[in-house]
Amino acid sequence: IYRYRIKRTKRVSKKQTNKTRLMELFMEKFIVILLTTLLLSACHSHECKTVKHCYEVTSGLPQFSKTRLIYVKYLYHGGWTKDQEKVTREAADYLMSQVKNTHQKLAIVTNLDETLLEYPYLLDYEPNTALIKTHQMQGGFRAIKPSVELLNLAKKYHVDVFILTGRSPDEEAATIKNLNQAGIAGWAGIYFKPANIENISEFKTNIRKQIVDKGYKIVLNLGDQYSDLCGGYSEM
C-alpha cells in the first residue's frame, strides 16, 4: 500500500505538497515500529536455539527486499552503523573476558555477506540468486568496518577466525580475492555451502560442531540472519 501511494502521488503531481510528504514520513515511522514490534514479539515467544525454532521465529516476518524502502533512512543516516558498532563493542567486551579467563583454544565464527562484506546494491535489485552470484563473482564489496575491527582484535589475542558462507564452492577464488582487497586476512578457515545441502542453518551448525570437535571453544558467532546464529555450538 505504501509503495502504491508513492507511485500514485508522483502521477498526480511531480511537486509533492508538504501535507503529502508529512503523511509519507508518518507511514514510514509507523511501518518501522510495526515491523520492529513483530520481530521483538517473535524473539520473545521463541527460543532461537535450534534450526526448527529459527524458522518458527522468522517464517511470519516480511523479507527485507519487500520492505526495503522503509529502511533507506535507517541504512544511510547512521542508524545501521551505530547498531553495528554497539553490537561489536558488546562482542569485544565478551571476547576479552574469555581471553583473560581461559587457556583453551578460542575461535570466532562469522558469516560473510552483510556481516563482513557489505552488498553495495542491496536496495537496487531484487534478490534473485543468479544476480547476486554475478555480483559476488565480480567482487568489489566493501568491508564492514566494525566487524573487521572485532576480528582484528581477536587475531591480536590469538583467537582463530572461521568464515562460514552460503556462497557456493565455485566462488572461492573470487571471494578470497574480495576479502584480500577489503583488508580481511589472517582467518583460519573458510567454508562454502555445497550444492547438495539446501538448509543453510544445518550447514553452518554442522561446521561449528566440527570446529568444536577439533578442540575449540567458539566464543562468538557473528551474523546478520537468524540462520547464521541458530543451532548452538557457540558461547555468544
# chains A, B, ... in the order shown; residues from 1 in each chain; ligands from 1

call {"tool": "select_by_dssp", "arguments": {"residues": "segment 128-174 of chain A", "states": "strand (DSSP E or B)", "output": "list of chain:residue names"}}
result
A:Arg142, A:Ala143, A:Asp160, A:Val161, A:Phe162, A:Ile163, A:Leu164, A:Thr165

call {"tool": "residues_around", "arguments": {"residues": "segment 141-146 of chain A", "least_positions_apart": "3", "cutoff": "10 Å", "atoms": "only C-alpha atoms", "output": "PyMOL selection string"}}
result
chain A and resi 81-89+112-121+135-136+138+149-152+175+178-179+181-184

call {"tool": "residues_around", "arguments": {"residues": "Leu220 of chain A", "least_positions_apart": "5", "cutoff": "12 Å", "atoms": "only C-alpha atoms", "output": "VMD selection string"}}
result
chain A and resid 87 to 88 90 to 99 106 to 111 147 150 to 151 154 159 to 163 208 228 to 229 232 to 236

call {"tool": "write_last_selection", "arguments": {"atoms": "N, CA and C atoms", "output": "CSV table (one decimal), in the first residue's frame"}}
result
chain,number,residue,atom,x,y,z
A,87,VAL,N,26.8,-3.5,18.8
A,87,VAL,CA,26.9,-4.9,18.9
A,87,VAL,C,28.3,-5.4,19.0
A,88,THR,N,29.2,-4.8,18.2
A,88,THR,CA,30.6,-5.3,18.1
A,88,THR,C,31.3,-4.9,19.4
A,90,GLU,N,29.9,-4.8,22.4
A,90,GLU,CA,29.5,-5.8,23.3
A,90,GLU,C,30.2,-7.1,23.1
A,91,ALA,N,30.4,-7.5,21.8
A,91,ALA,CA,31.1,-8.7,21.5
A,91,ALA,C,32.5,-8.6,21.9
A,92,ALA,N,33.2,-7.5,21.7
A,92,ALA,CA,34.6,-7.3,22.0
A,92,ALA,C,34.8,-7.4,23.5
A,93,ASP,N,33.8,-6.9,24.3
A,93,ASP,CA,33.9,-7.0,25.8
A,93,ASP,C,33.8,-8.4,26.2
A,94,TYR,N,32.9,-9.2,25.6
A,94,TYR,CA,32.8,-10.6,26.0
A,94,TYR,C,34.0,-11.4,25.5
A,95,LEU,N,34.5,-11.1,24.4
A,95,LEU,CA,35.7,-11.7,23.9
A,95,LEU,C,36.9,-11.6,24.9
A,96,MET,N,37.1,-10.3,25.3
A,96,MET,CA,38.2,-10.1,26.2
A,96,MET,C,38.0,-10.8,27.5
A,97,SER,N,36.8,-10.9,28.0
A,97,SER,CA,36.6,-11.6,29.3
A,97,SER,C,36.9,-13.1,29.1
A,98,GLN,N,36.7,-13.6,27.9
A,98,GLN,CA,37.0,-15.0,27.7
A,98,GLN,C,38.5,-15.2,27.5
A,99,VAL,N,39.2,-14.3,26.8
A,99,VAL,CA,40.6,-14.4,26.6
A,99,VAL,C,41.4,-14.4,27.9
A,106,LEU,N,40.5,-20.8,21.5
A,106,LEU,CA,39.3,-20.0,21.3
A,106,LEU,C,39.1,-19.7,19.8
A,107,ALA,N,37.9,-19.5,19.4
A,107,ALA,CA,37.6,-19.2,18.0
A,107,ALA,C,36.4,-18.3,17.9
A,108,ILE,N,36.3,-17.6,16.8
A,108,ILE,CA,35.2,-16.8,16.4
A,108,ILE,C,34.7,-17.4,15.0
A,109,VAL,N,33.4,-17.6,14.9
A,109,VAL,CA,32.8,-18.0,13.7
A,109,VAL,C,32.0,-16.8,13.2
A,110,THR,N,32.1,-16.5,11.9
A,110,THR,CA,31.4,-15.4,11.3
A,110,THR,C,30.8,-15.7,9.9
A,111,ASN,N,29.6,-15.1,9.7
A,111,ASN,CA,29.0,-15.1,8.4
A,111,ASN,C,29.8,-14.2,7.5
A,147,SER,N,32.9,-4.9,12.2
A,147,SER,CA,33.1,-6.4,12.2
A,147,SER,C,34.6,-6.7,12.0
A,150,LEU,N,36.6,-6.0,15.0
A,150,LEU,CA,36.5,-7.1,16.0
A,150,LEU,C,37.3,-8.3,15.7
A,151,LEU,N,37.4,-8.7,14.4
A,151,LEU,CA,38.2,-9.8,14.0
A,151,LEU,C,39.7,-9.5,14.2
A,154,ALA,N,40.5,-10.1,17.7
A,154,ALA,CA,40.5,-11.5,18.1
A,154,ALA,C,41.9,-12.1,17.6
A,159,VAL,N,43.0,-15.6,18.8
A,159,VAL,CA,41.7,-16.3,18.7
A,159,VAL,C,41.5,-16.5,17.2
A,160,ASP,N,41.3,-17.8,16.8
A,160,ASP,CA,41.2,-18.1,15.4
A,160,ASP,C,39.8,-17.7,14.8
A,161,VAL,N,39.8,-17.3,13.6
A,161,VAL,CA,38.6,-16.8,12.9
A,161,VAL,C,38.2,-17.8,11.8
A,162,PHE,N,37.0,-18.2,11.8
A,162,PHE,CA,36.5,-19.1,10.7
A,162,PHE,C,35.3,-18.4,10.1
A,163,ILE,N,35.3,-18.4,8.7
A,163,ILE,CA,34.2,-17.8,8.0
A,163,ILE,C,33.3,-18.9,7.4
A,208,ARG,N,30.2,-25.6,12.7
A,208,ARG,CA,30.5,-25.2,14.1
A,208,ARG,C,30.8,-26.4,14.9
A,228,ASP,N,22.2,-17.7,10.6
A,228,ASP,CA,23.6,-17.7,10.9
A,228,ASP,C,23.8,-18.1,12.4
A,229,LEU,N,22.9,-17.9,13.2
A,229,LEU,CA,23.0,-17.9,14.7
A,229,LEU,C,22.4,-19.1,15.3
A,232,GLY,N,23.2,-23.6,18.0
A,232,GLY,CA,24.2,-23.8,19.1
A,232,GLY,C,25.6,-23.8,18.7
A,233,TYR,N,26.4,-24.5,19.6
A,233,TYR,CA,27.9,-24.6,19.4
A,233,TYR,C,28.6,-23.2,19.4
A,234,SER,N,28.1,-22.3,20.2
A,234,SER,CA,28.9,-21.0,20.4
A,234,SER,C,28.4,-20.4,21.7
A,235,GLU,N,29.3,-19.7,22.4
A,235,GLU,CA,29.0,-19.1,23.7
A,235,GLU,C,28.1,-17.9,23.6
A,236,MET,N,28.3,-17.1,22.5
A,236,MET,CA,27.5,-15.8,22.3
A,236,MET,C,27.4,-15.5,20.9

call {"tool": "atom_distance", "arguments": {"atom1": "atom CA of Pro194 of chain A", "atom2": "atom CA of Ile211 of chain A"}}
result
17.5 Å

call {"tool": "closest_residue", "arguments": {"among": "A:Tyr74, A:Phe192, A:Trp187, A:Trp80", "to": "His158 of chain A", "atoms": "only C-alpha atoms"}}
result
A:Trp187

call {"tool": "select_by_dssp", "arguments": {"residues": "segment 66-217 of chain A", "states": "helix (DSSP H, G or I)", "output": "count of residues only"}}
result
82

call {"tool": "closest_residue", "arguments": {"among": "A:Lys133, A:Ile200, A:Gly139, A:Tyr226", "to": "Asn180 of chain A", "atoms": "only C-alpha atoms"}}
result
A:Gly139

call {"tool": "atom_distance", "arguments": {"atom1": "atom CA of Leu222 of chain A", "atom2": "atom CA of Asn196 of chain A"}}
result
24.4 Å
